[in-house]
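Engineer: Just coords20.cif, nothing more (mmCIF, N, CA, C and O atoms):
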data_work
loop_
_atom_site.label_atom_id
_atom_site.label_comp_id
_atom_site.auth_asym_id
_atom_site.auth_seq_id
_atom_site.Cartn_x
_atom_site.Cartn_y
_atom_site.Cartn_z
N MET A 165 30.14 -64.54 -42.31
CA MET A 165 29.91 -63.15 -42.64
C MET A 165 28.93 -63.03 -43.81
O MET A 165 29.31 -62.94 -44.96
N ALA A 166 27.71 -63.02 -43.49
CA ALA A 166 26.68 -62.93 -44.51
C ALA A 166 26.56 -61.51 -45.05
O ALA A 166 26.12 -61.31 -46.17
N ARG A 167 26.95 -60.51 -44.25
CA ARG A 167 26.80 -59.12 -44.67
C ARG A 167 28.09 -58.54 -45.20
O ARG A 167 28.20 -57.33 -45.37
N GLY A 168 29.08 -59.30 -45.50
CA GLY A 168 30.39 -58.79 -45.92
C GLY A 168 30.33 -57.92 -47.16
O GLY A 168 30.88 -56.82 -47.20
N LYS A 169 29.67 -58.38 -48.19
CA LYS A 169 29.59 -57.64 -49.46
C LYS A 169 28.77 -56.35 -49.28
O LYS A 169 29.16 -55.28 -49.76
N GLN A 170 27.66 -56.44 -48.58
CA GLN A 170 26.81 -55.27 -48.37
C GLN A 170 27.53 -54.21 -47.53
O GLN A 170 27.44 -53.01 -47.80
N LYS A 171 28.24 -54.67 -46.53
CA LYS A 171 29.00 -53.76 -45.67
C LYS A 171 30.08 -53.03 -46.48
O LYS A 171 30.27 -51.82 -46.34
N GLU A 172 30.74 -53.75 -47.34
CA GLU A 172 31.79 -53.16 -48.18
C GLU A 172 31.20 -52.13 -49.15
O GLU A 172 31.75 -51.05 -49.34
N GLN A 173 30.05 -52.44 -49.74
CA GLN A 173 29.41 -51.52 -50.67
C GLN A 173 28.95 -50.25 -49.97
O GLN A 173 29.11 -49.14 -50.49
N SER A 174 28.39 -50.38 -48.78
CA SER A 174 27.92 -49.18 -48.08
C SER A 174 29.11 -48.32 -47.62
O SER A 174 29.02 -47.10 -47.61
N ARG A 175 30.22 -48.95 -47.29
CA ARG A 175 31.41 -48.19 -46.92
C ARG A 175 31.95 -47.42 -48.13
O ARG A 175 32.34 -46.26 -48.02
N GLU A 176 31.98 -48.05 -49.30
CA GLU A 176 32.42 -47.37 -50.53
C GLU A 176 31.49 -46.21 -50.88
O GLU A 176 31.95 -45.13 -51.27
N LYS A 177 30.20 -46.42 -50.72
CA LYS A 177 29.22 -45.36 -51.00
C LYS A 177 29.42 -44.18 -50.06
O LYS A 177 29.41 -43.02 -50.48
N ALA A 178 29.63 -44.46 -48.77
CA ALA A 178 29.85 -43.39 -47.80
C ALA A 178 31.14 -42.64 -48.10
O ALA A 178 31.22 -41.42 -47.94
N GLN A 179 32.16 -43.35 -48.53
CA GLN A 179 33.44 -42.72 -48.87
C GLN A 179 33.28 -41.80 -50.08
O GLN A 179 33.82 -40.69 -50.11
N LYS A 180 32.53 -42.21 -51.09
CA LYS A 180 32.29 -41.37 -52.26
C LYS A 180 31.52 -40.11 -51.88
O LYS A 180 31.81 -39.02 -52.35
N GLN A 181 30.52 -40.26 -51.01
CA GLN A 181 29.75 -39.10 -50.56
C GLN A 181 30.63 -38.14 -49.78
O GLN A 181 30.50 -36.92 -49.92
N ALA A 182 31.53 -38.64 -48.97
CA ALA A 182 32.43 -37.79 -48.20
C ALA A 182 33.39 -37.03 -49.12
O ALA A 182 33.69 -35.85 -48.89
N GLU A 183 33.84 -37.67 -50.18
CA GLU A 183 34.73 -37.01 -51.14
C GLU A 183 33.99 -35.89 -51.87
O GLU A 183 34.56 -34.84 -52.16
N ASN A 184 32.72 -36.09 -52.17
CA ASN A 184 31.93 -35.07 -52.85
C ASN A 184 31.67 -33.86 -51.96
O ASN A 184 31.53 -32.75 -52.45
N ARG A 185 31.60 -34.07 -50.66
CA ARG A 185 31.32 -32.98 -49.72
C ARG A 185 32.55 -32.13 -49.43
O ARG A 185 32.41 -31.00 -48.99
N GLN A 186 33.73 -32.62 -49.63
CA GLN A 186 34.94 -31.90 -49.24
C GLN A 186 35.11 -30.63 -50.04
O GLN A 186 35.05 -30.63 -51.26
N GLY A 187 35.32 -29.51 -49.34
CA GLY A 187 35.64 -28.25 -49.98
C GLY A 187 34.50 -27.57 -50.70
O GLY A 187 34.70 -26.55 -51.33
N GLY A 188 33.31 -28.06 -50.60
CA GLY A 188 32.21 -27.48 -51.35
C GLY A 188 31.40 -26.46 -50.57
O GLY A 188 30.58 -25.78 -51.14
N LYS A 189 31.60 -26.30 -49.29
CA LYS A 189 30.74 -25.45 -48.49
C LYS A 189 31.28 -24.05 -48.27
O LYS A 189 30.52 -23.13 -48.03
N SER A 190 32.55 -23.83 -48.35
CA SER A 190 33.12 -22.53 -48.06
C SER A 190 32.99 -21.60 -49.26
O SER A 190 33.36 -21.93 -50.37
N GLN A 191 32.47 -20.40 -49.00
CA GLN A 191 32.33 -19.40 -50.04
C GLN A 191 33.17 -18.17 -49.73
O GLN A 191 32.93 -17.09 -50.25
N LEU A 192 34.15 -18.32 -48.87
CA LEU A 192 34.96 -17.18 -48.45
C LEU A 192 35.72 -16.56 -49.62
O LEU A 192 35.79 -15.33 -49.74
N SER A 193 36.27 -17.37 -50.49
CA SER A 193 37.03 -16.81 -51.61
C SER A 193 36.11 -16.11 -52.60
O SER A 193 36.46 -15.05 -53.13
N ALA A 194 34.94 -16.65 -52.85
CA ALA A 194 33.99 -16.00 -53.76
C ALA A 194 33.50 -14.68 -53.17
O ALA A 194 33.34 -13.69 -53.88
N ARG A 195 33.28 -14.66 -51.88
CA ARG A 195 32.83 -13.43 -51.23
C ARG A 195 33.92 -12.37 -51.27
O ARG A 195 33.64 -11.19 -51.51
N ALA A 196 35.16 -12.76 -51.02
CA ALA A 196 36.26 -11.80 -51.07
C ALA A 196 36.44 -11.23 -52.46
O ALA A 196 36.77 -10.05 -52.62
N ALA A 197 36.22 -12.02 -53.49
CA ALA A 197 36.35 -11.53 -54.86
C ALA A 197 35.25 -10.52 -55.18
O ALA A 197 35.46 -9.59 -55.95
N GLY A 198 34.09 -10.68 -54.58
CA GLY A 198 32.99 -9.76 -54.83
C GLY A 198 33.13 -8.42 -54.12
O GLY A 198 32.57 -7.42 -54.52
N LEU A 199 33.88 -8.39 -53.04
CA LEU A 199 34.07 -7.17 -52.27
C LEU A 199 35.37 -6.49 -52.69
O LEU A 199 36.39 -6.60 -52.02
N GLN A 200 35.33 -5.78 -53.80
CA GLN A 200 36.55 -5.22 -54.37
C GLN A 200 36.81 -3.79 -53.94
O GLN A 200 37.95 -3.34 -53.95
N LEU A 201 35.80 -3.03 -53.56
CA LEU A 201 35.97 -1.63 -53.20
C LEU A 201 36.00 -1.49 -51.68
O LEU A 201 35.47 -2.32 -50.97
N LYS A 202 36.63 -0.40 -51.21
CA LYS A 202 36.71 -0.15 -49.76
C LYS A 202 36.28 1.27 -49.46
O LYS A 202 36.54 2.18 -50.22
N CYS A 203 35.63 1.41 -48.33
CA CYS A 203 35.22 2.74 -47.87
C CYS A 203 36.49 3.55 -47.60
O CYS A 203 37.40 3.08 -46.91
N PRO A 204 36.57 4.78 -48.12
CA PRO A 204 37.78 5.57 -47.91
C PRO A 204 37.97 6.03 -46.46
O PRO A 204 39.08 6.37 -46.07
N VAL A 205 36.93 6.00 -45.65
CA VAL A 205 37.03 6.46 -44.27
C VAL A 205 37.40 5.32 -43.32
O VAL A 205 38.38 5.40 -42.57
N CYS A 206 36.62 4.22 -43.36
CA CYS A 206 36.83 3.14 -42.38
C CYS A 206 37.38 1.86 -42.99
O CYS A 206 37.58 0.88 -42.29
N LYS A 207 37.61 1.86 -44.30
CA LYS A 207 38.20 0.72 -45.02
C LYS A 207 37.33 -0.54 -45.01
O LYS A 207 37.83 -1.64 -45.18
N THR A 208 36.04 -0.40 -44.81
CA THR A 208 35.13 -1.53 -44.86
C THR A 208 34.97 -1.98 -46.31
O THR A 208 34.68 -1.16 -47.18
N PRO A 209 35.14 -3.26 -46.62
CA PRO A 209 34.97 -3.72 -48.00
C PRO A 209 33.50 -3.71 -48.41
O PRO A 209 32.63 -4.11 -47.64
N VAL A 210 33.23 -3.23 -49.62
CA VAL A 210 31.87 -3.18 -50.16
C VAL A 210 31.88 -3.68 -51.60
O VAL A 210 32.91 -3.72 -52.24
N ALA A 211 30.69 -4.02 -52.10
CA ALA A 211 30.59 -4.66 -53.40
C ALA A 211 30.66 -3.69 -54.57
O ALA A 211 31.31 -3.96 -55.57
N ASN A 212 29.98 -2.53 -54.48
CA ASN A 212 29.95 -1.62 -55.61
C ASN A 212 29.73 -0.18 -55.13
O ASN A 212 29.55 0.07 -53.94
N TYR A 213 29.69 0.75 -56.07
CA TYR A 213 29.59 2.16 -55.72
C TYR A 213 28.25 2.49 -55.05
O TYR A 213 28.20 3.30 -54.13
N LYS A 214 27.20 1.85 -55.49
CA LYS A 214 25.87 2.10 -54.90
C LYS A 214 25.88 1.77 -53.41
O LYS A 214 25.30 2.50 -52.59
N VAL A 215 26.53 0.70 -53.04
CA VAL A 215 26.62 0.30 -51.64
C VAL A 215 27.52 1.27 -50.86
O VAL A 215 27.25 1.58 -49.70
N ILE A 216 28.56 1.79 -51.51
CA ILE A 216 29.42 2.78 -50.86
C ILE A 216 28.62 4.04 -50.53
O ILE A 216 28.75 4.60 -49.43
N VAL A 217 27.76 4.47 -51.46
CA VAL A 217 26.92 5.65 -51.21
C VAL A 217 26.00 5.40 -50.02
O VAL A 217 25.90 6.25 -49.12
N GLN A 218 25.36 4.26 -49.98
CA GLN A 218 24.48 3.93 -48.85
C GLN A 218 25.27 3.88 -47.55
O GLN A 218 24.82 4.38 -46.51
N HIS A 219 26.44 3.27 -47.58
CA HIS A 219 27.29 3.16 -46.40
C HIS A 219 27.73 4.54 -45.91
O HIS A 219 27.65 4.83 -44.72
N MET A 220 28.15 5.39 -46.83
CA MET A 220 28.62 6.73 -46.45
C MET A 220 27.48 7.56 -45.85
O MET A 220 27.69 8.29 -44.88
N GLU A 221 26.29 7.44 -46.42
CA GLU A 221 25.15 8.19 -45.89
C GLU A 221 24.77 7.71 -44.49
O GLU A 221 24.39 8.51 -43.64
N ALA A 222 24.89 6.43 -44.24
CA ALA A 222 24.49 5.87 -42.95
C ALA A 222 25.58 6.00 -41.88
O ALA A 222 25.30 6.38 -40.75
N LYS A 223 26.81 5.70 -42.24
CA LYS A 223 27.88 5.62 -41.24
C LYS A 223 28.74 6.89 -41.14
O LYS A 223 29.32 7.15 -40.10
N HIS A 224 28.86 7.62 -42.23
CA HIS A 224 29.72 8.81 -42.25
C HIS A 224 28.95 9.99 -42.85
O HIS A 224 29.33 10.53 -43.91
N PRO A 225 27.87 10.45 -42.22
CA PRO A 225 27.04 11.48 -42.83
C PRO A 225 27.73 12.84 -42.97
O PRO A 225 27.34 13.63 -43.83
N LYS A 226 28.74 13.12 -42.18
CA LYS A 226 29.43 14.41 -42.26
C LYS A 226 30.48 14.45 -43.36
O LYS A 226 30.91 15.52 -43.77
N GLU A 227 30.89 13.28 -43.83
CA GLU A 227 31.89 13.20 -44.89
C GLU A 227 31.24 13.38 -46.26
O GLU A 227 30.09 13.00 -46.45
N THR A 228 31.99 13.92 -47.20
CA THR A 228 31.47 14.03 -48.56
C THR A 228 31.66 12.70 -49.28
O THR A 228 32.68 12.03 -49.11
N ILE A 229 30.69 12.35 -50.09
CA ILE A 229 30.76 11.10 -50.84
C ILE A 229 31.63 11.33 -52.07
O ILE A 229 31.34 12.20 -52.88
N PRO A 230 32.70 10.56 -52.22
CA PRO A 230 33.58 10.74 -53.38
C PRO A 230 32.87 10.32 -54.67
O PRO A 230 31.99 9.45 -54.64
N PRO A 231 33.24 10.92 -55.78
CA PRO A 231 32.61 10.54 -57.05
C PRO A 231 32.97 9.10 -57.45
O PRO A 231 33.98 8.55 -57.00
N GLU A 232 32.17 8.54 -58.31
CA GLU A 232 32.37 7.15 -58.73
C GLU A 232 33.69 6.97 -59.45
O GLU A 232 34.29 5.90 -59.40
N SER A 233 34.17 8.00 -60.11
CA SER A 233 35.43 7.89 -60.84
C SER A 233 36.64 7.65 -59.93
O SER A 233 37.66 7.14 -60.36
N ASP A 234 36.52 7.98 -58.64
CA ASP A 234 37.63 7.73 -57.70
C ASP A 234 37.81 6.24 -57.40
O ASP A 234 38.87 5.84 -56.92
N PHE A 235 36.81 5.44 -57.68
CA PHE A 235 36.89 4.03 -57.37
C PHE A 235 37.20 3.16 -58.57
O PHE A 235 37.26 1.95 -58.48
N GLN A 236 37.41 3.74 -59.73
CA GLN A 236 37.67 2.97 -60.94
C GLN A 236 39.13 2.57 -61.04
O GLN A 236 40.02 3.08 -60.61
#
Using C-alpha coordinates, write down the structure that the file contains.

Structural biologist:
Amino acid sequence: MARGKQKEQSREKAQKQAENRQGGKSQLSARAAGLQLKCPVCKTPVANYKVIVQHMEAKHPKETIPPESDFQ
(Lines of atoms letter the chains of each structure in order from A and count residues from 1; the text may use other names and numbers.)
(Lines give C-alpha, C1' and ligand atoms only; values in the text may rest on other atoms or scores of the structure.)
Protein backbone atom coordinates (compact mmCIF):
# COMPACT_ATOMS: atom_id res chain seq x y z
CA MET A 1 0.00 0.00 0.00
CA ALA A 2 2.08 2.84 -1.26
CA ARG A 3 -0.85 5.29 -1.18
CA GLY A 4 -2.05 4.49 2.36
CA LYS A 5 -0.95 7.74 4.01
CA GLN A 6 -2.11 9.94 1.13
CA LYS A 7 -5.47 8.20 1.00
CA GLU A 8 -5.95 8.73 4.73
CA GLN A 9 -5.05 12.42 4.49
CA SER A 10 -7.44 13.06 1.61
CA ARG A 11 -10.23 11.28 3.49
CA GLU A 12 -9.61 13.48 6.57
CA LYS A 13 -9.59 16.60 4.38
CA ALA A 14 -12.88 15.61 2.74
CA GLN A 15 -14.43 14.92 6.14
CA LYS A 16 -13.40 18.38 7.42
CA GLN A 17 -14.87 20.03 4.33
CA ALA A 18 -18.14 18.12 4.81
CA GLU A 19 -18.34 19.27 8.44
CA ASN A 20 -17.85 22.89 7.36
CA ARG A 21 -20.68 22.61 4.81
CA GLN A 22 -23.28 21.23 7.22
CA GLY A 23 -26.07 23.65 8.14
CA GLY A 24 -24.56 26.63 6.39
CA LYS A 25 -26.84 26.91 3.36
CA SER A 26 -30.32 27.32 4.81
CA GLN A 27 -31.49 30.88 5.41
CA LEU A 28 -35.07 30.04 6.32
CA SER A 29 -34.76 31.17 9.93
CA ALA A 30 -33.09 34.46 8.98
CA ARG A 31 -35.77 35.13 6.39
CA ALA A 32 -38.57 34.37 8.85
CA ALA A 33 -37.05 36.79 11.36
CA GLY A 34 -37.00 39.53 8.73
CA LEU A 35 -40.67 39.09 7.83
CA GLN A 36 -42.25 40.37 11.03
CA LEU A 37 -45.34 42.22 9.72
CA LYS A 38 -48.40 40.72 8.03
CA CYS A 39 -50.89 42.13 5.59
CA PRO A 40 -54.16 42.69 7.48
CA VAL A 41 -56.23 41.42 4.53
CA CYS A 42 -54.45 38.29 3.25
CA LYS A 43 -51.93 37.68 6.07
CA THR A 44 -48.95 37.67 3.69
CA PRO A 45 -45.72 38.26 5.66
CA VAL A 46 -43.81 41.41 4.68
CA ALA A 47 -40.60 43.06 5.84
CA ASN A 48 -41.66 46.62 6.70
CA TYR A 49 -44.38 49.25 6.39
CA LYS A 50 -43.14 50.54 3.03
CA VAL A 51 -43.58 47.07 1.54
CA ILE A 52 -47.06 46.80 3.10
CA VAL A 53 -48.06 50.04 1.34
CA GLN A 54 -46.80 48.72 -2.00
CA HIS A 55 -48.54 45.39 -1.42
CA MET A 56 -51.85 47.02 -0.48
CA GLU A 57 -51.76 49.30 -3.53
CA ALA A 58 -51.06 46.39 -5.86
CA LYS A 59 -53.11 43.55 -4.38
CA HIS A 60 -55.89 45.27 -2.41
CA PRO A 61 -56.55 48.61 -4.16
CA LYS A 62 -60.10 48.95 -2.79
CA GLU A 63 -58.98 48.56 0.83
CA THR A 64 -57.73 51.51 2.86
CA ILE A 65 -54.09 51.38 3.87
CA PRO A 66 -53.82 51.30 7.67
CA PRO A 67 -51.54 53.86 9.32
CA GLU A 68 -48.03 52.86 10.31
CA SER A 69 -48.92 53.10 14.00
CA ASP A 70 -51.19 50.03 13.64
CA PHE A 71 -48.16 47.86 12.97
CA GLN A 72 -46.01 48.96 15.90

Engineer: Would you please give, as a ChimeraX atom specification, all residues of chain A that DSSP assigns to strand (DSSP E) based on the backbone?

Structural biologist: /A:201-202,209-210

Engineer: Which residues are near Phe235 of chain A? Cut-off 8 Å, only N, CA, C and O atoms, ignore same chain within fewer than 2 positions. Put them as a list in words.

Structural biologist: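 Here the answer would be Gln200, Leu201, Lys202, Tyr213, Pro230, Pro231, Glu232 and Ser233 of chain A.
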
Engineer: May I have the selected residues written with N, CA, C and O atoms, as a short mmCIF file (atom, residue, chain, number, x, y, z; two decimals), in the coordinates of the input?

Structural biologist:
data_model
loop_
_atom_site.label_atom_id
_atom_site.label_comp_id
_atom_site.auth_asym_id
_atom_site.auth_seq_id
_atom_site.Cartn_x
_atom_site.Cartn_y
_atom_site.Cartn_z
N GLN A 200 35.33 -5.78 -53.80
CA GLN A 200 36.55 -5.22 -54.37
C GLN A 200 36.81 -3.79 -53.94
O GLN A 200 37.95 -3.34 -53.95
N LEU A 201 35.80 -3.03 -53.56
CA LEU A 201 35.97 -1.63 -53.20
C LEU A 201 36.00 -1.49 -51.68
O LEU A 201 35.47 -2.32 -50.97
N LYS A 202 36.63 -0.40 -51.21
CA LYS A 202 36.71 -0.15 -49.76
C LYS A 202 36.28 1.27 -49.46
O LYS A 202 36.54 2.18 -50.22
N TYR A 213 29.69 0.75 -56.07
CA TYR A 213 29.59 2.16 -55.72
C TYR A 213 28.25 2.49 -55.05
O TYR A 213 28.20 3.30 -54.13
N PRO A 230 32.70 10.56 -52.22
CA PRO A 230 33.58 10.74 -53.38
C PRO A 230 32.87 10.32 -54.67
O PRO A 230 31.99 9.45 -54.64
N PRO A 231 33.24 10.92 -55.78
CA PRO A 231 32.61 10.54 -57.05
C PRO A 231 32.97 9.10 -57.45
O PRO A 231 33.98 8.55 -57.00
N GLU A 232 32.17 8.54 -58.31
CA GLU A 232 32.37 7.15 -58.73
C GLU A 232 33.69 6.97 -59.45
O GLU A 232 34.29 5.90 -59.40
N SER A 233 34.17 8.00 -60.11
CA SER A 233 35.43 7.89 -60.84
C SER A 233 36.64 7.65 -59.93
O SER A 233 37.66 7.14 -60.36
#

Engineer: Taking only C-alpha atoms into account, which of A:Arg185, A:His224, A:Lys177, A:Lys169 comes nearest Pro204 of chain A?

Structural biologist: A:His224

Engineer: Give me, please, the distance in Å between atom CA of Glu176 of chain A and atom CA of Gln191 of chain A, quoted to one decimal.

Structural biologist: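 Rounded to one decimal, the two atoms are 28.0 Å apart.
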
Engineer: Please measure the separation of atom CA of Ala196 of chain A and atom CA of Val210 of chain A, giving the value in Å to one decimal.

Structural biologist: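 Computed distance, atom CA of Ala196 of chain A to atom CA of Val210 of chain A, equals 9.7 Å.
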
Engineer: May I ask you to restore all heavy atoms in segment 201-212 of chain A and write the result as a short mmCIF file (atom, residue, chain, number, x, y, z; two decimals), in the frame of the given file?

Structural biologist:
data_model
loop_
_atom_site.label_atom_id
_atom_site.label_comp_id
_atom_site.auth_asym_id
_atom_site.auth_seq_id
_atom_site.Cartn_x
_atom_site.Cartn_y
_atom_site.Cartn_z
N LEU A 201 35.80 -3.03 -53.56
CA LEU A 201 35.97 -1.63 -53.20
C LEU A 201 36.00 -1.49 -51.68
O LEU A 201 35.47 -2.32 -50.97
CB LEU A 201 34.81 -0.80 -53.76
CG LEU A 201 34.59 -0.90 -55.27
CD1 LEU A 201 33.36 -0.11 -55.66
CD2 LEU A 201 35.79 -0.41 -56.02
N LYS A 202 36.63 -0.40 -51.21
CA LYS A 202 36.71 -0.15 -49.76
C LYS A 202 36.28 1.27 -49.46
O LYS A 202 36.54 2.18 -50.22
CB LYS A 202 38.13 -0.36 -49.26
CG LYS A 202 38.57 -1.78 -49.34
CD LYS A 202 39.89 -2.00 -48.68
CE LYS A 202 40.28 -3.44 -48.90
NZ LYS A 202 40.93 -4.07 -47.85
N CYS A 203 35.63 1.41 -48.33
CA CYS A 203 35.22 2.74 -47.87
C CYS A 203 36.49 3.55 -47.60
O CYS A 203 37.40 3.08 -46.91
CB CYS A 203 34.39 2.60 -46.60
SG CYS A 203 34.06 4.17 -45.79
N PRO A 204 36.57 4.78 -48.12
CA PRO A 204 37.78 5.57 -47.91
C PRO A 204 37.97 6.03 -46.46
O PRO A 204 39.08 6.37 -46.07
CB PRO A 204 37.60 6.77 -48.84
CG PRO A 204 36.15 6.83 -49.13
CD PRO A 204 35.63 5.44 -49.00
N VAL A 205 36.93 6.00 -45.65
CA VAL A 205 37.03 6.46 -44.27
C VAL A 205 37.40 5.32 -43.32
O VAL A 205 38.38 5.40 -42.57
CB VAL A 205 35.70 7.12 -43.82
CG1 VAL A 205 35.78 7.56 -42.38
CG2 VAL A 205 35.35 8.27 -44.74
N CYS A 206 36.62 4.22 -43.36
CA CYS A 206 36.83 3.14 -42.38
C CYS A 206 37.38 1.86 -42.99
O CYS A 206 37.58 0.88 -42.29
CB CYS A 206 35.53 2.84 -41.66
SG CYS A 206 34.23 2.20 -42.72
N LYS A 207 37.61 1.86 -44.30
CA LYS A 207 38.20 0.72 -45.02
C LYS A 207 37.33 -0.54 -45.01
O LYS A 207 37.83 -1.64 -45.18
CB LYS A 207 39.60 0.37 -44.48
CG LYS A 207 40.55 1.53 -44.42
CD LYS A 207 40.81 2.10 -45.77
CE LYS A 207 41.86 3.22 -45.66
NZ LYS A 207 41.68 4.26 -46.63
N THR A 208 36.04 -0.40 -44.81
CA THR A 208 35.13 -1.53 -44.86
C THR A 208 34.97 -1.98 -46.31
O THR A 208 34.68 -1.16 -47.18
CB THR A 208 33.74 -1.13 -44.30
OG1 THR A 208 33.91 -0.69 -42.96
CG2 THR A 208 32.77 -2.28 -44.36
N PRO A 209 35.14 -3.26 -46.62
CA PRO A 209 34.97 -3.72 -48.00
C PRO A 209 33.50 -3.71 -48.41
O PRO A 209 32.63 -4.11 -47.64
CB PRO A 209 35.54 -5.13 -47.98
CG PRO A 209 35.51 -5.55 -46.56
CD PRO A 209 35.58 -4.32 -45.72
N VAL A 210 33.23 -3.23 -49.62
CA VAL A 210 31.87 -3.18 -50.16
C VAL A 210 31.88 -3.68 -51.60
O VAL A 210 32.91 -3.72 -52.24
CB VAL A 210 31.27 -1.77 -50.08
CG1 VAL A 210 31.00 -1.35 -48.66
CG2 VAL A 210 32.15 -0.77 -50.75
N ALA A 211 30.69 -4.02 -52.10
CA ALA A 211 30.59 -4.66 -53.40
C ALA A 211 30.66 -3.69 -54.57
O ALA A 211 31.31 -3.96 -55.57
CB ALA A 211 29.30 -5.46 -53.49
N ASN A 212 29.98 -2.53 -54.48
CA ASN A 212 29.95 -1.62 -55.61
C ASN A 212 29.73 -0.18 -55.13
O ASN A 212 29.55 0.07 -53.94
CB ASN A 212 28.88 -2.03 -56.63
CG ASN A 212 27.51 -2.17 -56.01
OD1 ASN A 212 27.17 -1.46 -55.07
ND2 ASN A 212 26.72 -3.09 -56.53
#
